[in-house]
Amino acid sequence: TMYITVILFLCSSVIRLYTSHVTEISCIKGCLNFDPSSGIPPLWTSLPPEHWTRHHVCDWLQYCCDSYKLDAAYISFSHFNVLGVQLCSMTKEDFTEAAGICGQHLYSILQDIRTNGEAEGDTEFFECLMWILIILGMQSSHLWEFLRDLLLSSEDTSGILDWEDQEQGIFRVVKSEALAQMWGKRKHNDRMNYEKLSRALRHYYKTGILERVDRRLVYKFGKNSYGWH
DNA sequence: CCAACGTTTCCTGGTT
DNA sequence: AAACCAGGAAACGTTG
């Protein structure tokens, strides 16, 4: 239970963080600079260049050669048998001496990483996490999960949806149309409204996902829902 | 291509 | 009167 709760919390936070920036999964795929099917991204991507070991520097060179189609024959690898700190202190001239025209490319790539370093490391981390969640099929796409995650998130939901009694799983829809808009956004459907959302919720009564509460805009999680305690 | 699933859309009629 | 609620019926998109 603890494990599931932690995973659910992580999922909802990461997904919410992401859906606010990215509208489509394909977008996320496009942002990634590594092939998810071949495993995790190289370690150096999550570290600032200043902290790279000789090995990281080597990996980075290899990556640059592959990704930017640089000819390794022009690169004097002995010049790059250095620590990250030393690599960062190298001037553009040093790079040119070590790898000619490729050196200038490498120099600008490195400077780019250094300037965007922190943020890139962060987004990279979340992209990676996001991918893992998608691969594990943990992106909740069902309406009741969407509501549950919204209720569970510490994020300010601007009083759109609130617990009435979390122990019993009773919650209240505060701003019905705003909620419908959020759901519509998630499903890329701008024609969504509370009339239709509530119809979908009423379908849940027969499957035990929700139980009826005879109060306007109040719903209750049923025995076939989980993760809201 | 099929079928099941989870809605989405539309609707009629009733309640607060 | 506006906003909700109850479900039937059928269309729809995704997934297995």
# chains A, B, ... in the order shown; residues from 1 in each chain; ligands from 1
>>> interface_residues(of="chain A", to="chain B", cutoff="12 Å", atoms="only C-alpha atoms (C1' of nucleotides)", output="mmCIF file with C-alpha atoms, in the first residue's frame")
data_model
loop_
_atom_site.group_PDB
_atom_site.id
_atom_site.type_symbol
_atom_site.label_atom_id
_atom_site.label_comp_id
_atom_site.auth_asym_id
_atom_site.auth_seq_id
_atom_site.Cartn_x
_atom_site.Cartn_y
_atom_site.Cartn_z
ATOM 1 C CA SER A 141 -6.388 8.329 -18.266
ATOM 2 C CA HIS A 142 -9.683 7.366 -16.642
ATOM 3 C CA LEU A 143 -12.015 10.030 -15.414
ATOM 4 C CA TRP A 144 -12.219 8.769 -11.827
ATOM 5 C CA GLY A 184 -11.630 18.368 -21.596
ATOM 6 C CA LYS A 187 -8.743 14.564 -23.289
ATOM 7 C CA ASN A 189 -11.777 17.858 -26.190
ATOM 8 C CA ARG A 191 -16.536 20.518 -26.261
ATOM 9 C CA MET A 192 -16.571 18.921 -22.805
ATOM 10 C CA ASN A 193 -18.956 20.372 -20.235
ATOM 11 C CA TYR A 194 -20.287 19.380 -16.833
ATOM 12 C CA GLU A 195 -23.473 17.959 -18.334
ATOM 13 C CA LYS A 196 -21.437 15.342 -20.194
ATOM 14 C CA LEU A 197 -18.841 14.852 -17.472
ATOM 15 C CA SER A 198 -21.557 14.114 -14.943
ATOM 16 C CA ARG A 199 -23.125 11.572 -17.319
ATOM 17 C CA ALA A 200 -19.787 9.763 -17.394
ATOM 18 C CA LEU A 201 -19.724 9.859 -13.585
ATOM 19 C CA ARG A 202 -23.207 8.357 -13.400
ATOM 20 C CA HIS A 203 -22.003 5.405 -15.471
ATOM 21 C CA TYR A 204 -19.651 4.680 -12.556
ATOM 22 C CA THR A 207 -19.563 -0.491 -11.806
ATOM 23 C CA ASP A 214 -28.033 12.349 -2.642
ATOM 24 C CA ARG A 215 -26.590 15.798 -2.585
ATOM 25 C CA ARG A 216 -25.980 18.152 -5.483
ATOM 26 C CA LEU A 217 -22.423 18.046 -6.876
#
>>> closest_residue(among="A:His105, A:His229, A:His55, A:Arg212", to="chain C", atoms="only C-alpha atoms (C1' of nucleotides)")
A:Arg212
>>> select_by_dssp(residues="stretch 71-213 of chain A", states="helix (DSSP H, G or I)", output="number ranges by chain")
A: 72-74, 77-80, 84-89, 92-135, 143-152, 166-168, 176-186, 194-207
>>> closest_atom_pairs(of="chain C", to="chain A", cutoff="10 Å", atoms="only C-alpha atoms (C1' of nucleotides)", output="CSV")
residue,atom,partner,partner_atom,distance
C:DA3,C1',A:Glu195,CA,9.8
C:DC4,C1',A:Arg216,CA,6.7
C:DC5,C1',A:Arg216,CA,8.0
C:DA6,C1',A:Arg202,CA,8.2
C:DG7,C1',A:Arg202,CA,8.4
>>> atom_distance(atom1="atom CA of A:Tyr68", atom2="atom CA of A:Ile113")
14.5 Å
>>> atom_distance(atom1="atom CA of A:Lys92", atom2="atom CA of A:Leu43")
24.9 Å
>>> atom_distance(atom1="atom CA of A:Gly103", atom2="atom CA of A:Ser46")
22.8 Å
>>> decode(residues="chain B", atoms="N, CA and C atoms (P, O5', C5', C4', C3', O3' and C1' of nucleotides)", output="PDB file, in the first residue's frame")
ATOM      1  P    DC B   1     -10.684  -3.570 -42.210  1.00  0.00           P
ATOM      2  O5'  DC B   1     -11.693  -4.739 -42.432  1.00  0.00           O
ATOM      3  C5'  DC B   1     -11.196  -6.102 -42.354  1.00  0.00           C
ATOM      4  C4'  DC B   1     -11.735  -6.840 -41.140  1.00  0.00           C
ATOM      5  C3'  DC B   1     -12.866  -6.122 -40.391  1.00  0.00           C
ATOM      6  O3'  DC B   1     -13.867  -7.080 -40.039  1.00  0.00           O
ATOM      7  C1'  DC B   1     -11.104  -6.594 -38.886  1.00  0.00           C
ATOM      8  P    DC B   2     -15.219  -6.484 -39.368  1.00  0.00           P
ATOM      9  O5'  DC B   2     -15.232  -7.220 -37.956  1.00  0.00           O
ATOM     10  C5'  DC B   2     -14.588  -8.482 -37.801  1.00  0.00           C
ATOM     11  C4'  DC B   2     -14.490  -8.820 -36.328  1.00  0.00           C
ATOM     12  C3'  DC B   2     -15.632  -8.235 -35.491  1.00  0.00           C
ATOM     13  O3'  DC B   2     -16.096  -9.214 -34.587  1.00  0.00           O
ATOM     14  C1'  DC B   2     -13.532  -7.524 -34.614  1.00  0.00           C
ATOM     15  P    DA B   3     -17.530  -8.960 -33.839  1.00  0.00           P
ATOM     16  O5'  DA B   3     -17.147  -9.226 -32.310  1.00  0.00           O
ATOM     17  C5'  DA B   3     -15.801  -9.292 -31.948  1.00  0.00           C
ATOM     18  C4'  DA B   3     -15.607  -8.943 -30.492  1.00  0.00           C
ATOM     19  C3'  DA B   3     -16.824  -8.354 -29.772  1.00  0.00           C
ATOM     20  O3'  DA B   3     -16.773  -8.800 -28.433  1.00  0.00           O
ATOM     21  C1'  DA B   3     -15.067  -6.731 -29.857  1.00  0.00           C
ATOM     22  P    DA B   4     -17.895  -8.419 -27.364  1.00  0.00           P
ATOM     23  O5'  DA B   4     -17.040  -7.654 -26.257  1.00  0.00           O
ATOM     24  C5'  DA B   4     -15.784  -8.187 -25.858  1.00  0.00           C
ATOM     25  C4'  DA B   4     -15.038  -7.162 -25.003  1.00  0.00           C
ATOM     26  C3'  DA B   4     -15.925  -6.458 -23.972  1.00  0.00           C
ATOM     27  O3'  DA B   4     -15.191  -6.374 -22.754  1.00  0.00           O
ATOM     28  C1'  DA B   4     -14.902  -4.851 -25.420  1.00  0.00           C
ATOM     29  P    DC B   5     -15.857  -5.725 -21.458  1.00  0.00           P
ATOM     30  O5'  DC B   5     -15.243  -4.263 -21.456  1.00  0.00           O
ATOM     31  C5'  DC B   5     -13.846  -4.114 -21.669  1.00  0.00           C
ATOM     32  C4'  DC B   5     -13.464  -2.653 -21.624  1.00  0.00           C
ATOM     33  C3'  DC B   5     -14.270  -1.834 -20.617  1.00  0.00           C
ATOM     34  O3'  DC B   5     -13.346  -1.081 -19.862  1.00  0.00           O
ATOM     35  C1'  DC B   5     -14.344  -0.824 -22.769  1.00  0.00           C
ATOM     36  P    DG B   6     -13.815  -0.365 -18.505  1.00  0.00           P
ATOM     37  O5'  DG B   6     -13.816   1.168 -18.947  1.00  0.00           O
ATOM     38  C5'  DG B   6     -12.614   1.736 -19.452  1.00  0.00           C
ATOM     39  C4'  DG B   6     -12.923   3.100 -20.039  1.00  0.00           C
ATOM     40  C3'  DG B   6     -13.782   3.995 -19.140  1.00  0.00           C
ATOM     41  O3'  DG B   6     -13.304   5.337 -19.255  1.00  0.00           O
ATOM     42  C1'  DG B   6     -14.817   3.740 -21.215  1.00  0.00           C
ATOM     43  P    DT B   7     -13.575   6.365 -18.070  1.00  0.00           P
ATOM     44  O5'  DT B   7     -15.116   6.743 -18.259  1.00  0.00           O
ATOM     45  C5'  DT B   7     -15.517   7.983 -18.829  1.00  0.00           C
ATOM     46  C4'  DT B   7     -15.303   8.004 -20.331  1.00  0.00           C
ATOM     47  C3'  DT B   7     -15.882   9.258 -20.975  1.00  0.00           C
ATOM     48  O3'  DT B   7     -14.867   9.981 -21.608  1.00  0.00           O
ATOM     49  C1'  DT B   7     -16.523   7.295 -22.166  1.00  0.00           C
ATOM     50  P    DT B   8     -15.069  11.551 -21.819  1.00  0.00           P
ATOM     51  O5'  DT B   8     -16.086  11.664 -23.055  1.00  0.00           O
ATOM     52  C5'  DT B   8     -15.612  11.387 -24.359  1.00  0.00           C
ATOM     53  C4'  DT B   8     -16.722  11.599 -25.368  1.00  0.00           C
ATOM     54  C3'  DT B   8     -17.466  12.943 -25.273  1.00  0.00           C
ATOM     55  O3'  DT B   8     -17.537  13.439 -26.601  1.00  0.00           O
ATOM     56  C1'  DT B   8     -19.016  11.157 -25.268  1.00  0.00           C
ATOM     57  P    DT B   9     -18.004  14.952 -26.863  1.00  0.00           P
ATOM     58  O5'  DT B   9     -19.511  14.756 -27.325  1.00  0.00           O
ATOM     59  C5'  DT B   9     -19.786  13.875 -28.391  1.00  0.00           C
ATOM     60  C4'  DT B   9     -21.276  13.675 -28.551  1.00  0.00           C
ATOM     61  C3'  DT B   9     -22.138  14.910 -28.272  1.00  0.00           C
ATOM     62  O3'  DT B   9     -22.907  15.183 -29.439  1.00  0.00           O
ATOM     63  C1'  DT B   9     -23.029  12.971 -27.238  1.00  0.00           C
ATOM     64  P    DC B  10     -23.808  16.472 -29.559  1.00  0.00           P
ATOM     65  O5'  DC B  10     -25.255  15.887 -29.264  1.00  0.00           O
ATOM     66  C5'  DC B  10     -25.625  14.634 -29.828  1.00  0.00           C
ATOM     67  C4'  DC B  10     -26.983  14.210 -29.311  1.00  0.00           C
ATOM     68  C3'  DC B  10     -27.899  15.363 -28.885  1.00  0.00           C
ATOM     69  O3'  DC B  10     -29.135  15.242 -29.577  1.00  0.00           O
ATOM     70  C1'  DC B  10     -27.841  13.670 -27.224  1.00  0.00           C
ATOM     71  P    DC B  11     -30.284  16.286 -29.342  1.00  0.00           P
ATOM     72  O5'  DC B  11     -31.255  15.457 -28.389  1.00  0.00           O
ATOM     73  C5'  DC B  11     -31.344  14.043 -28.556  1.00  0.00           C
ATOM     74  C4'  DC B  11     -32.256  13.469 -27.498  1.00  0.00           C
ATOM     75  C3'  DC B  11     -33.238  14.505 -26.945  1.00  0.00           C
ATOM     76  O3'  DC B  11     -34.570  14.013 -27.008  1.00  0.00           O
ATOM     77  C1'  DC B  11     -32.112  13.392 -25.173  1.00  0.00           C
ATOM     78  P    DT B  12     -35.767  15.069 -26.843  1.00  0.00           P
ATOM     79  O5'  DT B  12     -36.646  14.331 -25.744  1.00  0.00           O
ATOM     80  C5'  DT B  12     -36.795  12.909 -25.763  1.00  0.00           C
ATOM     81  C4'  DT B  12     -37.268  12.478 -24.393  1.00  0.00           C
ATOM     82  C3'  DT B  12     -38.301  13.429 -23.789  1.00  0.00           C
ATOM     83  O3'  DT B  12     -39.375  12.694 -23.231  1.00  0.00           O
ATOM     84  C1'  DT B  12     -36.446  13.177 -22.318  1.00  0.00           C
ATOM     85  P    DG B  13     -40.647  13.480 -22.637  1.00  0.00           P
ATOM     86  O5'  DG B  13     -40.366  13.385 -21.073  1.00  0.00           O
ATOM     87  C5'  DG B  13     -39.932  12.148 -20.505  1.00  0.00           C
ATOM     88  C4'  DG B  13     -39.500  12.384 -19.081  1.00  0.00           C
ATOM     89  C3'  DG B  13     -40.374  13.393 -18.318  1.00  0.00           C
ATOM     90  O3'  DG B  13     -40.679  12.835 -17.048  1.00  0.00           O
ATOM     91  C1'  DG B  13     -38.107  13.946 -18.080  1.00  0.00           C
ATOM     92  P    DG B  14     -41.686  13.532 -16.066  1.00  0.00           P
ATOM     93  O5'  DG B  14     -40.827  13.739 -14.745  1.00  0.00           O
ATOM     94  C5'  DG B  14     -40.079  12.634 -14.211  1.00  0.00           C
ATOM     95  C4'  DG B  14     -39.076  13.157 -13.214  1.00  0.00           C
ATOM     96  C3'  DG B  14     -39.672  14.168 -12.212  1.00  0.00           C
ATOM     97  O3'  DG B  14     -39.299  13.828 -10.887  1.00  0.00           O
ATOM     98  C1'  DG B  14     -37.704  15.026 -13.190  1.00  0.00           C
ATOM     99  P    DT B  15     -39.789  14.708  -9.660  1.00  0.00           P
ATOM    100  O5'  DT B  15     -38.441  15.424  -9.228  1.00  0.00           O
ATOM    101  C5'  DT B  15     -37.274  14.638  -8.963  1.00  0.00           C
ATOM    102  C4'  DT B  15     -36.192  15.541  -8.403  1.00  0.00           C
ATOM    103  C3'  DT B  15     -36.654  16.422  -7.258  1.00  0.00           C
ATOM    104  O3'  DT B  15     -35.623  16.386  -6.259  1.00  0.00           O
ATOM    105  C1'  DT B  15     -35.681  17.753  -8.946  1.00  0.00           C
ATOM    106  P    DT B  16     -35.784  17.137  -4.858  1.00  0.00           P
ATOM    107  O5'  DT B  16     -34.895  18.427  -5.075  1.00  0.00           O
ATOM    108  C5'  DT B  16     -33.492  18.283  -5.246  1.00  0.00           C
ATOM    109  C4'  DT B  16     -32.835  19.646  -5.295  1.00  0.00           C
ATOM    110  C3'  DT B  16     -33.258  20.600  -4.178  1.00  0.00           C
ATOM    111  O3'  DT B  16     -32.116  21.352  -3.772  1.00  0.00           O
ATOM    112  C1'  DT B  16     -33.623  21.612  -6.245  1.00  0.00           C
TER     113       DT B  16
END
